[in-house]
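Dropping structure-v6.csv in here (CSV, C-alpha atoms):
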chain,number,residue,atom,x,y,z
A,19,ARG,CA,-4.8,-43.8,-23.4
A,20,PHE,CA,-4.8,-40.0,-24.0
A,21,GLY,CA,-2.3,-39.5,-26.8
A,22,ALA,CA,1.0,-40.9,-25.6
A,23,THR,CA,0.0,-40.4,-21.9
A,24,MET,CA,-1.5,-43.1,-19.7
A,25,LEU,CA,-4.1,-41.5,-17.4
A,26,GLU,CA,-4.5,-42.9,-13.9
A,27,PHE,CA,-7.6,-42.7,-11.8
A,28,ARG,CA,-8.9,-43.9,-8.4
A,29,ILE,CA,-12.6,-44.9,-8.1
A,30,ASP,CA,-14.5,-45.1,-4.8
A,31,THR,CA,-18.2,-45.7,-4.5
A,32,TYR,CA,-20.7,-44.5,-1.9
A,33,ASP,CA,-24.4,-44.9,-1.0
A,34,VAL,CA,-25.8,-41.4,-0.3
A,35,PHE,CA,-29.0,-40.6,1.7
A,36,ALA,CA,-28.8,-44.2,2.9
A,37,ALA,CA,-29.8,-45.6,6.2
A,38,SER,CA,-28.0,-48.9,5.4
A,39,ARG,CA,-25.5,-50.0,2.8
A,40,PHE,CA,-27.0,-50.9,-0.6
A,41,GLU,CA,-29.8,-48.3,-0.1
A,42,GLY,CA,-29.9,-44.6,-1.1
A,43,ASN,CA,-28.4,-43.3,-4.3
A,44,GLN,CA,-25.2,-44.8,-5.6
A,45,LEU,CA,-22.2,-42.5,-6.5
A,46,ALA,CA,-18.8,-43.1,-8.0
A,47,VAL,CA,-16.1,-40.6,-7.0
A,48,VAL,CA,-13.2,-40.5,-9.4
A,49,SER,CA,-9.9,-38.8,-8.2
A,50,GLY,CA,-6.3,-38.9,-9.1
A,51,ALA,CA,-3.9,-37.1,-11.4
A,52,GLY,CA,-5.8,-38.3,-14.5
A,53,VAL,CA,-8.9,-36.2,-13.7
A,54,GLU,CA,-7.3,-32.8,-14.4
A,55,ALA,CA,-5.4,-34.0,-17.4
A,56,ALA,CA,-8.3,-35.8,-19.1
A,57,PRO,CA,-10.5,-34.2,-21.7
A,58,THR,CA,-14.2,-33.9,-21.1
A,59,GLU,CA,-15.0,-36.8,-23.5
A,60,VAL,CA,-12.9,-39.2,-21.4
A,61,LEU,CA,-14.6,-38.2,-18.2
A,62,GLN,CA,-18.0,-38.7,-19.9
A,63,ARG,CA,-17.0,-42.1,-21.1
A,64,ILE,CA,-15.9,-43.1,-17.6
A,65,ALA,CA,-19.3,-41.9,-16.2
A,66,ALA,CA,-21.1,-44.0,-18.9
A,67,GLU,CA,-19.0,-47.0,-18.0
A,68,MET,CA,-20.0,-46.6,-14.3
A,69,ASN,CA,-23.7,-46.6,-15.4
A,70,LEU,CA,-24.9,-44.8,-12.2
A,71,ALA,CA,-27.2,-41.9,-11.9
A,72,GLU,CA,-24.0,-39.7,-11.4
A,73,THR,CA,-20.3,-39.9,-11.2
A,74,THR,CA,-18.1,-37.1,-9.9
A,75,PHE,CA,-14.6,-36.2,-10.7
A,76,VAL,CA,-12.4,-34.4,-8.1
A,77,VAL,CA,-10.4,-31.8,-10.1
A,78,SER,CA,-8.7,-30.4,-7.0
A,79,ALA,CA,-9.1,-30.5,-3.3
A,80,ASP,CA,-7.5,-28.8,-0.2
A,81,ALA,CA,-8.6,-28.0,3.3
A,82,SER,CA,-10.9,-25.2,2.3
A,83,ARG,CA,-12.4,-26.1,-1.2
A,84,ILE,CA,-13.1,-28.9,-3.5
A,85,LYS,CA,-13.4,-28.3,-7.2
A,86,PHE,CA,-15.3,-31.1,-8.9
A,87,ARG,CA,-17.4,-32.0,-11.9
A,88,ILE,CA,-20.6,-34.0,-12.1
A,89,PHE,CA,-21.7,-36.3,-15.0
A,90,THR,CA,-24.7,-38.6,-15.7
A,91,CYS,CA,-24.3,-41.4,-18.2
A,92,ASN,CA,-25.1,-38.9,-21.0
A,93,LYS,CA,-24.2,-35.3,-19.9
A,94,GLU,CA,-22.5,-33.0,-17.5
A,95,LEU,CA,-24.6,-31.3,-14.8
A,96,PRO,CA,-24.0,-27.9,-13.2
A,97,PHE,CA,-25.1,-29.2,-9.8
A,98,ALA,CA,-26.6,-32.3,-8.2
A,99,GLY,CA,-27.3,-33.1,-4.6
A,100,HIS,CA,-26.2,-36.6,-3.8
A,101,PRO,CA,-23.0,-36.2,-5.8
A,102,THR,CA,-22.2,-33.1,-3.7
A,103,LEU,CA,-22.7,-34.8,-0.4
A,104,GLY,CA,-20.9,-38.0,-1.5
A,105,THR,CA,-17.9,-36.0,-2.8
A,106,ALA,CA,-17.7,-34.0,0.4
A,107,PHE,CA,-17.7,-37.2,2.4
A,108,HIS,CA,-14.9,-38.6,0.3
A,109,VAL,CA,-12.7,-35.6,0.7
A,110,LEU,CA,-13.6,-34.8,4.4
A,111,ALA,CA,-12.5,-38.3,5.4
A,112,GLY,CA,-8.9,-37.2,5.0
A,113,LEU,CA,-9.3,-33.7,6.6
A,114,ASP,CA,-9.5,-32.5,10.1
A,115,THR,CA,-12.6,-30.3,9.6
A,116,ASP,CA,-16.4,-30.5,9.6
A,117,ALA,CA,-17.0,-28.0,6.9
A,118,ILE,CA,-15.9,-27.5,3.3
A,119,ASP,CA,-16.9,-25.6,0.2
A,120,LEU,CA,-17.5,-27.5,-3.1
A,121,GLU,CA,-17.2,-25.7,-6.3
A,122,CYS,CA,-19.3,-27.0,-9.2
A,123,LYS,CA,-20.4,-25.3,-12.5
A,124,ALA,CA,-23.4,-23.8,-10.8
A,125,GLY,CA,-21.4,-22.1,-8.0
A,126,VAL,CA,-20.0,-22.9,-4.5
A,127,VAL,CA,-22.0,-25.1,-2.1
A,128,ARG,CA,-21.1,-25.2,1.6
A,129,VAL,CA,-21.2,-28.7,3.2
A,130,THR,CA,-21.1,-29.2,7.0
A,131,ARG,CA,-21.1,-32.2,9.3
A,132,ALA,CA,-23.8,-31.9,12.0
A,133,ASP,CA,-26.2,-34.1,13.9
A,134,GLY,CA,-24.6,-37.2,12.4
A,135,LEU,CA,-25.3,-36.2,8.8
A,136,LEU,CA,-23.8,-34.1,6.1
A,137,TRP,CA,-25.7,-31.0,5.2
A,138,MET,CA,-25.4,-28.9,2.1
A,139,LYS,CA,-26.6,-25.3,1.9
A,140,GLN,CA,-28.1,-25.1,-1.6
A,141,LEU,CA,-28.0,-22.0,-3.8
A,142,PRO,CA,-31.0,-19.7,-3.6
A,143,PRO,CA,-34.0,-21.2,-5.5
A,144,VAL,CA,-35.1,-19.6,-8.7
A,145,LEU,CA,-38.8,-20.0,-9.6
A,146,GLY,CA,-39.3,-20.1,-13.3
A,147,HIS,CA,-42.1,-20.9,-15.7
A,148,ALA,CA,-45.4,-22.5,-14.7
A,149,VAL,CA,-46.0,-25.7,-16.7
A,150,PRO,CA,-49.5,-26.8,-17.8
A,151,ALA,CA,-50.7,-29.6,-15.6
A,152,ALA,CA,-52.1,-31.4,-18.7
A,153,GLU,CA,-48.7,-31.5,-20.3
A,154,VAL,CA,-47.1,-32.8,-17.1
A,155,ALA,CA,-49.8,-35.4,-16.6
A,156,ALA,CA,-49.3,-36.8,-20.1
A,157,ALA,CA,-45.6,-37.1,-19.5
A,158,ILE,CA,-45.8,-38.9,-16.2
A,159,GLY,CA,-48.8,-41.1,-17.1
A,160,CYS,CA,-51.6,-39.7,-14.9
A,161,SER,CA,-54.8,-37.7,-15.0
A,162,PRO,CA,-54.4,-33.9,-14.5
A,163,ASP,CA,-56.8,-34.3,-11.6
A,164,VAL,CA,-54.2,-35.9,-9.4
A,165,ILE,CA,-51.9,-32.8,-9.7
A,166,ALA,CA,-52.6,-30.6,-6.6
A,167,GLU,CA,-50.9,-27.4,-7.6
A,168,ILE,CA,-49.7,-25.7,-10.7
A,169,PRO,CA,-46.4,-27.3,-11.7
A,170,ARG,CA,-43.4,-25.0,-11.8
A,171,VAL,CA,-39.9,-25.0,-13.0
A,172,VAL,CA,-37.5,-24.4,-10.1
A,173,SER,CA,-33.7,-24.4,-9.8
A,174,THR,CA,-31.2,-24.4,-7.1
A,175,GLY,CA,-28.4,-24.9,-9.7
A,176,THR,CA,-30.1,-27.6,-11.8
A,177,PRO,CA,-33.7,-27.1,-13.0
A,178,PHE,CA,-36.6,-29.5,-12.4
A,179,VAL,CA,-40.4,-29.4,-12.9
A,180,VAL,CA,-41.8,-29.6,-9.3
A,181,VAL,CA,-45.2,-31.3,-9.1
A,182,ALA,CA,-47.5,-31.8,-6.1
A,183,ILE,CA,-49.5,-35.0,-6.2
A,184,ARG,CA,-52.7,-35.4,-4.3
A,185,SER,CA,-52.2,-38.9,-2.8
A,186,LEU,CA,-49.6,-41.5,-2.2
A,187,ASP,CA,-51.4,-44.0,-4.3
A,188,ALA,CA,-51.4,-41.6,-7.2
A,189,LEU,CA,-47.6,-40.9,-6.7
A,190,LEU,CA,-46.9,-44.7,-6.8
A,191,ALA,CA,-48.9,-45.1,-10.0
A,192,LEU,CA,-46.8,-42.6,-12.0
A,193,GLY,CA,-44.8,-43.9,-14.9
A,194,HIS,CA,-41.9,-42.9,-17.1
A,195,THR,CA,-43.1,-42.1,-20.6
A,196,PRO,CA,-41.4,-40.8,-23.8
A,197,GLY,CA,-43.1,-37.5,-23.1
A,198,ILE,CA,-40.7,-36.8,-20.3
A,199,HIS,CA,-37.9,-36.1,-22.8
A,200,ALA,CA,-40.1,-33.7,-24.8
A,201,LEU,CA,-41.3,-31.9,-21.7
A,202,CYS,CA,-37.9,-31.5,-20.2
A,203,ASN,CA,-36.5,-30.3,-23.5
A,204,LYS,CA,-39.3,-27.8,-23.9
A,205,PHE,CA,-38.9,-26.3,-20.5
A,206,GLY,CA,-35.1,-26.7,-20.1
A,207,THR,CA,-35.2,-29.1,-17.1
A,208,VAL,CA,-33.5,-32.4,-16.4
A,209,GLY,CA,-36.4,-34.1,-14.7
A,210,ILE,CA,-39.9,-34.0,-13.1
A,211,TYR,CA,-39.9,-34.2,-9.3
A,212,CYS,CA,-43.2,-35.4,-7.8
A,213,ALA,CA,-44.1,-35.3,-4.1
A,214,THR,CA,-47.1,-35.8,-1.8
A,215,LYS,CA,-47.7,-34.9,1.8
A,216,THR,CA,-47.9,-38.5,3.0
A,217,GLY,CA,-45.0,-40.8,4.0
A,218,ARG,CA,-44.8,-44.5,3.0
A,219,ASP,CA,-43.9,-45.3,6.6
A,220,ALA,CA,-43.0,-43.5,9.8
A,221,THR,CA,-39.4,-42.7,8.7
A,222,HIS,CA,-40.6,-39.7,6.6
A,223,ALA,CA,-43.4,-37.2,6.2
A,224,VAL,CA,-43.2,-36.5,2.5
A,225,SER,CA,-42.9,-39.1,-0.3
A,226,ALA,CA,-41.3,-38.3,-3.6
A,227,ARG,CA,-40.3,-39.7,-6.9
A,228,CYS,CA,-38.0,-38.1,-9.5
A,229,LEU,CA,-38.5,-39.1,-13.2
A,230,VAL,CA,-35.5,-37.9,-15.2
A,231,ASP,CA,-34.6,-37.3,-18.8
A,232,GLU,CA,-32.1,-40.2,-18.9
A,233,THR,CA,-32.2,-43.6,-20.6
A,234,ALA,CA,-29.7,-45.5,-18.5
A,235,VAL,CA,-31.2,-44.4,-15.1
A,236,PRO,CA,-34.8,-43.1,-15.9
A,237,GLU,CA,-35.8,-42.7,-12.3
A,238,ASP,CA,-33.5,-41.3,-9.5
A,239,PRO,CA,-33.6,-43.0,-6.1
A,240,ALA,CA,-32.6,-39.9,-4.2
A,241,THR,CA,-32.4,-36.4,-5.7
A,242,GLY,CA,-30.9,-33.8,-3.3
A,243,SER,CA,-31.0,-31.0,-5.9
A,244,ALA,CA,-34.6,-31.6,-6.8
A,245,THR,CA,-35.5,-31.9,-3.1
A,246,GLY,CA,-34.0,-28.4,-2.6
A,247,CYS,CA,-36.1,-27.2,-5.5
A,248,PHE,CA,-39.2,-28.7,-3.9
A,249,ALA,CA,-38.4,-27.0,-0.6
A,250,GLY,CA,-37.9,-23.6,-2.2
A,251,TRP,CA,-41.2,-24.1,-4.1
A,252,ALA,CA,-43.0,-25.2,-0.9
A,253,LEU,CA,-41.7,-22.1,1.0
A,254,HIS,CA,-43.0,-19.7,-1.6
A,255,THR,CA,-46.4,-21.4,-2.3
A,256,GLY,CA,-47.2,-22.3,1.3
A,257,PHE,CA,-47.5,-26.0,0.4
A,258,LEU,CA,-45.9,-26.9,3.7
A,259,PRO,CA,-45.9,-25.2,7.1
A,260,THR,CA,-42.8,-23.0,7.7
A,261,PRO,CA,-40.1,-23.3,8.7
A,262,ILE,CA,-39.7,-26.7,7.0
A,263,ASP,CA,-38.0,-29.4,9.1
A,264,LEU,CA,-38.9,-32.9,7.9
A,265,VAL,CA,-37.7,-36.0,6.1
A,266,VAL,CA,-38.5,-36.9,2.4
A,267,GLY,CA,-38.6,-40.5,1.4
A,268,GLN,CA,-37.6,-41.5,-2.1
A,269,GLY,CA,-36.5,-44.6,-4.1
A,270,HIS,CA,-38.5,-47.2,-2.1
A,271,GLU,CA,-40.2,-48.6,-5.2
A,272,MET,CA,-36.7,-49.0,-6.8
A,273,GLY,CA,-35.4,-51.1,-3.9
A,274,ARG,CA,-33.1,-48.1,-2.9
A,275,PRO,CA,-35.0,-46.5,0.0
A,276,SER,CA,-33.6,-43.0,0.7
A,277,LEU,CA,-34.1,-40.5,3.4
A,278,LEU,CA,-33.4,-36.8,2.6
A,279,HIS,CA,-33.5,-34.4,5.6
A,280,VAL,CA,-34.9,-30.9,4.8
A,281,ARG,CA,-34.5,-27.7,6.7
A,282,ALA,CA,-35.7,-24.6,5.0
A,283,GLU,CA,-37.0,-21.1,5.8
A,284,ILE,CA,-37.3,-17.6,4.5
A,285,THR,CA,-35.3,-15.2,6.6
A,286,SER,CA,-34.9,-11.5,6.3
A,287,ALA,CA,-31.6,-12.0,4.3
A,288,GLU,CA,-32.3,-15.1,2.2
A,289,THR,CA,-34.2,-18.2,1.3
A,290,LEU,CA,-32.3,-20.8,3.3
A,291,ILE,CA,-32.4,-24.4,2.1
A,292,ARG,CA,-30.3,-27.2,3.7
A,293,ILE,CA,-30.5,-30.8,2.6
A,294,GLY,CA,-28.9,-33.4,4.7
A,295,GLY,CA,-28.2,-37.1,4.5
A,296,ASN,CA,-26.1,-40.1,5.6
A,297,VAL,CA,-23.3,-41.3,3.4
A,298,LEU,CA,-21.9,-44.8,3.5
A,299,PRO,CA,-18.7,-46.1,1.7
A,300,VAL,CA,-19.2,-49.2,-0.4
A,301,MET,CA,-16.1,-49.9,-2.5
A,302,THR,CA,-12.7,-48.2,-1.9
A,303,GLY,CA,-9.7,-47.6,-4.1
A,304,ALA,CA,-10.4,-49.2,-7.4
A,305,SER,CA,-7.7,-48.4,-10.0
A,306,LEU,CA,-8.4,-47.3,-13.6
A,307,ARG,CA,-5.8,-46.7,-16.3
A,308,CYS,CA,-6.7,-45.5,-19.8
What does the file become when written as structure tokens?
Amino acid sequence: RFGATMLEFRIDTYDVFAASRFEGNQLAVVSGAGVEAAPTEVLQRIAAEMNLAETTFVVSADASRIKFRIFTCNKELPFAGHPTLGTAFHVLAGLDTDAIDLECKAGVVRVTRADGLLWMKQLPPVLGHAVPAAEVAAAIGCSPDVIAEIPRVVSTGTPFVVVAIRSLDALLALGHTPGIHALCNKFGTVGIYCATKTGRDATHAVSARCLVDETAVPEDPATGSATGCFAGWALHTGFLPTPIDLVVGQGHEMGRPSLLHVRAEITSAETLIRIGGNVLPVMTGASLRC
């Protein structure tokens, strides 16, 4: 209860970047009159109660724009990928349109429906500091020798350390250590995104893992924002042939296999990054009063 007022919310859940239900990355979308009225601490407590990688709150929505907020179990994020696609799916279900703008703290992200998927055009990538390979290796439990390129901080709204790993076996052997918190705190990132140019199976060409600075969900099964950072980094370093048009696999070792479609290129006007995926509804219309 917020003062003398009872707040009412609706909760729907989705699997994002999922080929089948109970795969991909889980998302709770919270809507209703209570969202706009509730203070931030109430929204944070609801997100902690959901105990998912992220929970979104729809502040307002109409036929042209969604204003929403994104929370992990511990903090609010300026932008995140699977919450953006999942929230767009939630709102588009009631609209006669295939495109909508979503406004988050990082800016406005355009989401369109095409080729049977939802696609978000991410904000232009910002390449930041290089990060010493030895420090990254210590944080993710590997030898510096398995890191193929100089790690780099990259952001398309939320910053990650992007790390190229030499082999699939080395990627699968990585671990979450207490050093991740220290590294992320030092370089101002929310996680370490590791990728290698080998798929686990024929569904994808690149395999990835994202180790994040969270205690409740220390590894993310599908990270659309970090995949966009990786695509921007790959465009600027030549790590992948351009234009990029491929699928990234993530979350398999967690029992949440996820497929993230990537289309990226550098044009005369911009660095264009689009991340696409499938969204499936799981639970619909739960009611919360507090």
Note to self: Restricting the calculation to only C-alpha atoms: of A:Ala152, A:Ala56, A:Val109, A:Leu95, which residue gets closest to Glu72 in chain A?
What the structure shows: A:Leu95
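As for CA of Ile88 in chain A and CA of Ala71 in chain A, they are spaced 10.3 Å apart.
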Check: Counting all atoms listed in the file, which of A:Thr260, A:Thr176, A:Ser82, A:Thr233 gets nearest to Ala66 in chain A?
Finding: A:Thr233
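Taking all atoms listed in the file into account, Phe89 in chain A lies nearest to A:Glu232 out of the set A:Gly42, A:Glu232, A:Leu141, A:Cys160.
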Note to self: Could you check the closest approach to Leu145 in chain A for each of A:Thr115, A:Gln268, A:Thr289, A:Ser49 and tell me which residue wins, using all atoms listed in the file?
What the structure shows: A:Thr289
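When only C-alpha atoms are used to compute distances to Ser243 in chain A, the closest of the residues A:Val181, A:Ala220, A:Ala156, A:Ile293 turns out to be A:Ile293.
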Next item on the list: Please identify all polymer residues within 12 Å of Gly193 in chain A, counting all atoms listed in the file, omitting same-chain residues fewer than 5 positions from it, and present them as number ranges by chain.
Entry: A: 154-161, 188, 198, 210, 212, 227-230, 236-237, 271
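Close contacts of Thr105 in chain A, defined as residues with an atom at most 8 Å away when counting all atoms listed in the file, with chain neighbours fewer than 6 positions off set aside, comprise Val47, Thr74 and Val76 of chain A.
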Saved selection, atoms kept: C-alpha atoms, as an mmCIF file, in the frame of the given file:
data_model
loop_
_atom_site.group_PDB
_atom_site.id
_atom_site.type_symbol
_atom_site.label_atom_id
_atom_site.label_comp_id
_atom_site.auth_asym_id
_atom_site.auth_seq_id
_atom_site.Cartn_x
_atom_site.Cartn_y
_atom_site.Cartn_z
ATOM 1 C CA VAL A 47 -16.100 -40.600 -7.000
ATOM 2 C CA THR A 74 -18.100 -37.100 -9.900
ATOM 3 C CA VAL A 76 -12.400 -34.400 -8.100
#
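Taking CA of Pro196 in chain A and CA of Leu70 in chain A as endpoints, the distance between them is 20.6 Å.
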Next item on the list: Between A:Gly197, A:Gly256, A:Pro162, A:Gly52, single out the one closest to Arg184 in chain A, counting only C-alpha atoms.
Entry: A:Pro162
Note to self: I'd like the contact shell of Asp187 in chain A - 10 Å cut-off, only C-alpha atoms, skipping same-chain residues fewer than 4 positions apart - returned as a VMD selection string.
What the structure shows: chain A and resid 164 183 191 to 192 214 216 218
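Here CA of Val300 in chain A is placed at a distance of 17.7 Å from CA of Glu67 in chain A.
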Quick one: residues within 8 Å of Leu298 in chain A, all atoms listed in the file counted, chain neighbours fewer than 2 positions away excluded, as a tab-separated table (two decimals) with C-alpha atoms, keeping the file's coordinate frame?
chain	number	residue	atom	x	y	z
A	32	TYR	CA	-20.70	-44.50	-1.90
A	33	ASP	CA	-24.40	-44.90	-1.00
A	34	VAL	CA	-25.80	-41.40	-0.30
A	36	ALA	CA	-28.80	-44.20	2.90
A	38	SER	CA	-28.00	-48.90	5.40
A	39	ARG	CA	-25.50	-50.00	2.80
A	296	ASN	CA	-26.10	-40.10	5.60
A	300	VAL	CA	-19.20	-49.20	-0.40
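For Phe257 in chain A, the non-local neighbours within 12 Å, defined as residues at least 2 positions apart in the same chain or in other chains and counting only C-alpha atoms, are Ala166, Glu167, Ile168, Val180, Val181, Ala182, Ile183, Arg184, Ala213, Thr214, Lys215, Val224, Phe248, Ala249, Gly250, Trp251, Ala252, Leu253, His254, Thr255, Pro259, Thr260, Pro261 and Ile262 of chain A.
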